[in-house]
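Participant: Starting off with a structure, shown below.
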Amino acid sequence: MCDVCTTVSRRFFCGGALTLPLSRIARGQAPTAGLLEPQLRLTNTNSPPNSRTVALTFDACPGHFDHRIADTLVRYNIPATIFVTGLWLRGNPQGLAYLLARPDIFTLENHGAQHLPPILGGGKIFGLTSAGTPAAIRAEVQNGAAAITAATGRAPGWYRGAAAIYSPQAIPLIEALGFGIGGYSLSADAGASLPHNVVAQRMENARDGDVIIGHINQPKRDSGAGIAAGLVALHNSGTRFVRLNELTRT
C-alpha cells in the first residue's frame with residue numbers, strides 16, 4: 001500500500017511580485033496573500049524502475065457530467081477518486097447513478113456542500129464566494145460529507161476545498177473533523193481551462209507518486225478530451241493507479 005505525504009505551500013506577494021504555479025497563471029487570476037495550497041504526493045509506491053504509480057482525482061464542482069472521462073476510466077478499468085459537491089449530486093442524478101454502478105472504479109470524496117472555498121474573512125477567489133467564518137467552513141465540510149453518505153452509504157475520508165486554496169486556520173479545523181486534505185501535485189487542466197493537447201501532454205508527463213487533479217463537470221470544454229487522451233496514454237504506458245481511500249495518511 002502506498003502512503004501519502006502532504007506539504008503546504010504558501011502563495012504570497014513578495015516585493016510586489018506574485019509567485020504562482022502555471023495553473024494559476026493560466027486562469028488569469030491570483031490568490032489572496034497568505035492563503036495555502038496543500039501539495040499531496042504518494043510515497044513508498046514501490047514502483048518498478050521506469051514505471052510509475054499515480055492517483056487520479058477529478059473534481060465534480062457545480063456543473064454537469066463528462067462522459068468522455070468517465071467512459072474512458074470504465075473502458076480501461078482505471079480507478080479514480082471523484083471529489084463531488086452537494087450541488088453536483090443534486091443536479092446530476094444520472095451521473096451519480098453511473099458512478100455508483102462501478103464502485104470498483106469510482107470512490108466519491110468530499111468537495112463541500114455549496115462549493116465555498118474554505119477561506120476566512122469573506123470575499124471571492126477565482127469568482128467563488130468564500131465560506132468566511134469557521135462555522136461556515138465546518139458546515140461546508142460536514143454538509144458535503146452528509147450528502148455523500150446519504151447518496152452512497154459510505155462516509156468520505158478526504159476533503160478538497162473549492163479552488164483547492166485554504167486559509168491557514170482552516171486546515172487544522174478540517175483535519176479535526178476527521179478529513180485528510182485532498183491536495184495534489186499535478187494539475188492536468190488548470191480548472192478545465194486548457195486545450196486538449198496541453199492537458200494530454202501534462203498527464204503523459206506525470207511522475208511516479210503524482211496526485212493528479214482534473215475536472216469531470218465540464219463536458220463541453222476541450223480539456224475533457226485531453227484528460228481522456230491522457231488516461232489512455234497513462235494506461236498504455238503501464239502506469240499503476242490508486243485511489244485516495246486506499247492510501248495510508250502519514
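Labels used: A, B, ... for chains in the order of the C-alpha cells, numbers from 1 for residues in each chain, and numbers from 1 for ligands as shown.
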With the cut-off set at 10 Å and counting only C-alpha atoms, tabulate each residue of stretch 73-151 of chain A with an atom at most that distance from an atom of stretch 204-216 of chain A, showing the nearest atom pair and its distance in Å to one decimal, ordered by chain and increasing number, as CSV.

Facilitator:
residue,atom,partner,partner_atom,distance
A:Ala80,CA,A:Ile212,CA,10.0
A:Thr81,CA,A:Ile213,CA,9.6
A:Ile82,CA,A:Ile216,CA,8.2
A:Phe83,CA,A:His215,CA,9.3
A:Val84,CA,A:Ile216,CA,9.6

Participant: Would you please give, as a PyMOL selection string, all residues of stretch 3-243 of chain A that DSSP assigns to strand (DSSP E) based on the backbone?

Facilitator: chain A and resi 3-11+13-14+17-18+35-43+53-60+80-84+106-110+124-125+128-129+158-159+180-181+186-187+211-215+240-242

Participant: Would you mind exporting the chosen residues as a compact mmCIF listing (two decimals), in the first residue's frame, restricted to C-alpha atoms?

Facilitator:
# COMPACT_ATOMS: atom_id res chain seq x y z
CA ASP A 3 1.49 6.24 1.73
CA VAL A 4 0.75 9.88 1.12
CA CYS A 5 2.79 12.88 2.12
CA THR A 6 1.20 16.30 2.43
CA THR A 7 3.11 19.55 2.28
CA VAL A 8 1.65 23.02 2.35
CA SER A 9 2.93 25.77 0.10
CA ARG A 10 2.15 29.43 0.69
CA ARG A 11 1.22 31.59 -2.30
CA PHE A 13 3.28 38.59 -2.64
CA CYS A 14 6.99 39.31 -2.23
CA ALA A 17 5.89 40.12 -7.46
CA LEU A 18 3.41 37.28 -7.29
CA LEU A 35 -3.50 31.54 1.65
CA LEU A 36 -2.27 27.96 1.45
CA GLU A 37 -2.34 25.45 -1.37
CA PRO A 38 -1.61 21.96 0.03
CA GLN A 39 0.50 19.69 -2.13
CA LEU A 40 -0.10 15.94 -1.96
CA ARG A 41 2.19 13.18 -3.27
CA LEU A 42 2.35 9.42 -2.93
CA THR A 43 5.29 7.93 -1.06
CA THR A 53 2.13 4.92 -9.69
CA VAL A 54 -0.27 7.85 -9.67
CA ALA A 55 -3.55 8.81 -8.05
CA LEU A 56 -6.19 10.28 -10.33
CA THR A 57 -8.57 12.76 -8.71
CA PHE A 58 -11.36 14.61 -10.51
CA ASP A 59 -13.50 17.43 -9.16
CA ALA A 60 -17.25 17.47 -9.75
CA ALA A 80 -10.18 7.23 -9.72
CA THR A 81 -11.25 9.43 -6.82
CA ILE A 82 -14.10 11.84 -7.57
CA PHE A 83 -14.48 14.89 -5.32
CA VAL A 84 -18.18 15.77 -5.53
CA PHE A 106 -15.03 5.27 -8.57
CA THR A 107 -14.75 6.45 -4.99
CA LEU A 108 -16.64 9.60 -4.03
CA GLU A 109 -14.97 12.08 -1.69
CA ASN A 110 -15.98 15.45 -0.25
CA LYS A 124 -14.09 35.93 -3.57
CA ILE A 125 -11.33 33.84 -5.11
CA LEU A 128 -16.15 31.90 -5.87
CA THR A 129 -17.61 33.34 -2.68
CA TRP A 158 -10.99 13.14 2.22
CA TYR A 159 -11.92 16.76 1.63
CA GLY A 180 -7.46 14.29 5.02
CA ILE A 181 -6.78 17.36 2.90
CA LEU A 186 -0.04 17.88 -10.86
CA SER A 187 -2.85 19.97 -12.34
CA VAL A 211 -1.61 13.06 -7.39
CA ILE A 212 -3.31 14.42 -10.49
CA ILE A 213 -6.26 16.82 -10.43
CA GLY A 214 -8.71 17.37 -13.28
CA HIS A 215 -12.37 18.24 -13.70
CA ARG A 240 -0.43 1.84 -11.87
CA PHE A 241 -3.42 3.74 -10.47
CA VAL A 242 -4.58 4.05 -6.85

Participant: If I take atom CA of A:Pro103 and atom CA of A:Ser47, how far is one from the other in Å, to one decimal?

Facilitator: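 Distance reported for this atom pair: 24.7 Å.
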
Participant: Tell me which of A:Ala188, A:Ala225, A:Leu89, A:Ala131 sits closest to A:Ala145, counting only C-alpha atoms.

Facilitator: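 The answer is A:Leu89, which sits nearest to A:Ala145.
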
Participant: Taking 6 positions as the minimum chain separation for residues in the same chain, which residues sit within 9 Å of A:Gly91 when counting only C-alpha atoms? Answer as an mmCIF file with C-alpha atoms, in the first residue's frame.

Facilitator:
data_model
loop_
_atom_site.group_PDB
_atom_site.id
_atom_site.type_symbol
_atom_site.label_atom_id
_atom_site.label_comp_id
_atom_site.auth_asym_id
_atom_site.auth_seq_id
_atom_site.Cartn_x
_atom_site.Cartn_y
_atom_site.Cartn_z
ATOM 1 C CA PRO A 62 -21.306 22.569 -9.833
ATOM 2 C CA GLY A 63 -21.868 21.655 -13.458
ATOM 3 C CA HIS A 64 -22.616 18.517 -15.411
#

Participant: I need the helix (DSSP H, G or I) residues of stretch 77-245 of chain A per DSSP on the backbone, written as an MDAnalysis selection string.

Facilitator: chainID A and resid 86:91 93:100 134:152 162:164 170:176 196:204 223:236 244:245

Participant: Leaving out A:Arg75 and any residue of its chain fewer than 6 positions from it, which residues lie within 12 Å of it when counting only C-alpha atoms, given as an mmCIF file with N, CA and C atoms, in the first residue's frame?

Facilitator:
data_model
loop_
_atom_site.group_PDB
_atom_site.id
_atom_site.type_symbol
_atom_site.label_atom_id
_atom_site.label_comp_id
_atom_site.auth_asym_id
_atom_site.auth_seq_id
_atom_site.Cartn_x
_atom_site.Cartn_y
_atom_site.Cartn_z
ATOM 1 N N HIS A 67 -18.895 12.468 -19.738
ATOM 2 C CA HIS A 67 -18.811 11.041 -20.060
ATOM 3 C C HIS A 67 -17.523 10.693 -20.788
ATOM 4 N N ARG A 68 -16.891 11.660 -21.441
ATOM 5 C CA ARG A 68 -15.625 11.357 -22.113
ATOM 6 C C ARG A 68 -14.606 10.818 -21.115
ATOM 7 N N ILE A 69 -14.577 11.425 -19.942
ATOM 8 C CA ILE A 69 -13.642 10.999 -18.902
ATOM 9 C C ILE A 69 -14.132 9.727 -18.230
ATOM 10 N N ARG A 102 -20.324 1.542 -10.529
ATOM 11 C CA ARG A 102 -18.981 0.968 -10.646
ATOM 12 C C ARG A 102 -18.137 1.332 -9.427
ATOM 13 N N ILE A 105 -14.384 1.157 -9.647
ATOM 14 C CA ILE A 105 -13.667 2.206 -10.363
ATOM 15 C C ILE A 105 -13.677 3.518 -9.584
ATOM 16 N N ALA A 228 -9.208 12.504 -21.331
ATOM 17 C CA ALA A 228 -9.475 11.161 -21.855
ATOM 18 C C ALA A 228 -8.253 10.624 -22.602
ATOM 19 N N LEU A 231 -5.506 9.740 -20.127
ATOM 20 C CA LEU A 231 -5.779 8.484 -19.433
ATOM 21 C C LEU A 231 -5.344 7.283 -20.268
ATOM 22 N N VAL A 232 -5.655 7.328 -21.551
ATOM 23 C CA VAL A 232 -5.263 6.224 -22.433
ATOM 24 C C VAL A 232 -3.742 6.115 -22.497
ATOM 25 N N HIS A 235 -2.442 4.613 -19.248
ATOM 26 C CA HIS A 235 -2.774 3.185 -19.211
ATOM 27 C C HIS A 235 -1.836 2.387 -20.121
#

Participant: What does the distance from atom CA of A:Phe126 to atom CA of A:Asn143 come to in Å, to one decimal?

Facilitator: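 Straight-line distance from atom CA of A:Phe126 to atom CA of A:Asn143 works out to 22.5 Å.
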
Participant: Could you check the closest approach to A:Cys61 for each of A:Asn46, A:Gln218, A:Asn77, A:Ser185 and tell me which residue wins, using only C-alpha atoms?

Facilitator: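 Of all the options, A:Gln218 lies closest to A:Cys61.
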
Participant: If we count only C-alpha atoms, what is near A:Gly112 at a cut-off of 6 Å, once residues fewer than 6 positions away on the same chain are taken out, given as a list in words?

Facilitator: Thr85, Glu140, Val141 and Gly144 of chain A

Participant: May I have the residues from that selection written out with N, CA and C atoms, as a compact mmCIF listing (two decimals), in the first residue's frame?

Facilitator:
# COMPACT_ATOMS: atom_id res chain seq x y z
N THR A 85 -19.41 17.80 -5.05
CA THR A 85 -20.12 18.74 -4.20
C THR A 85 -21.56 18.27 -4.01
N GLU A 140 -19.82 23.72 5.56
CA GLU A 140 -19.49 23.34 4.19
C GLU A 140 -18.93 21.92 4.14
N VAL A 141 -18.03 21.61 5.05
CA VAL A 141 -17.40 20.29 5.07
C VAL A 141 -18.38 19.23 5.55
N GLY A 144 -21.36 18.67 3.15
CA GLY A 144 -20.89 17.96 1.97
C GLY A 144 -20.71 16.48 2.25
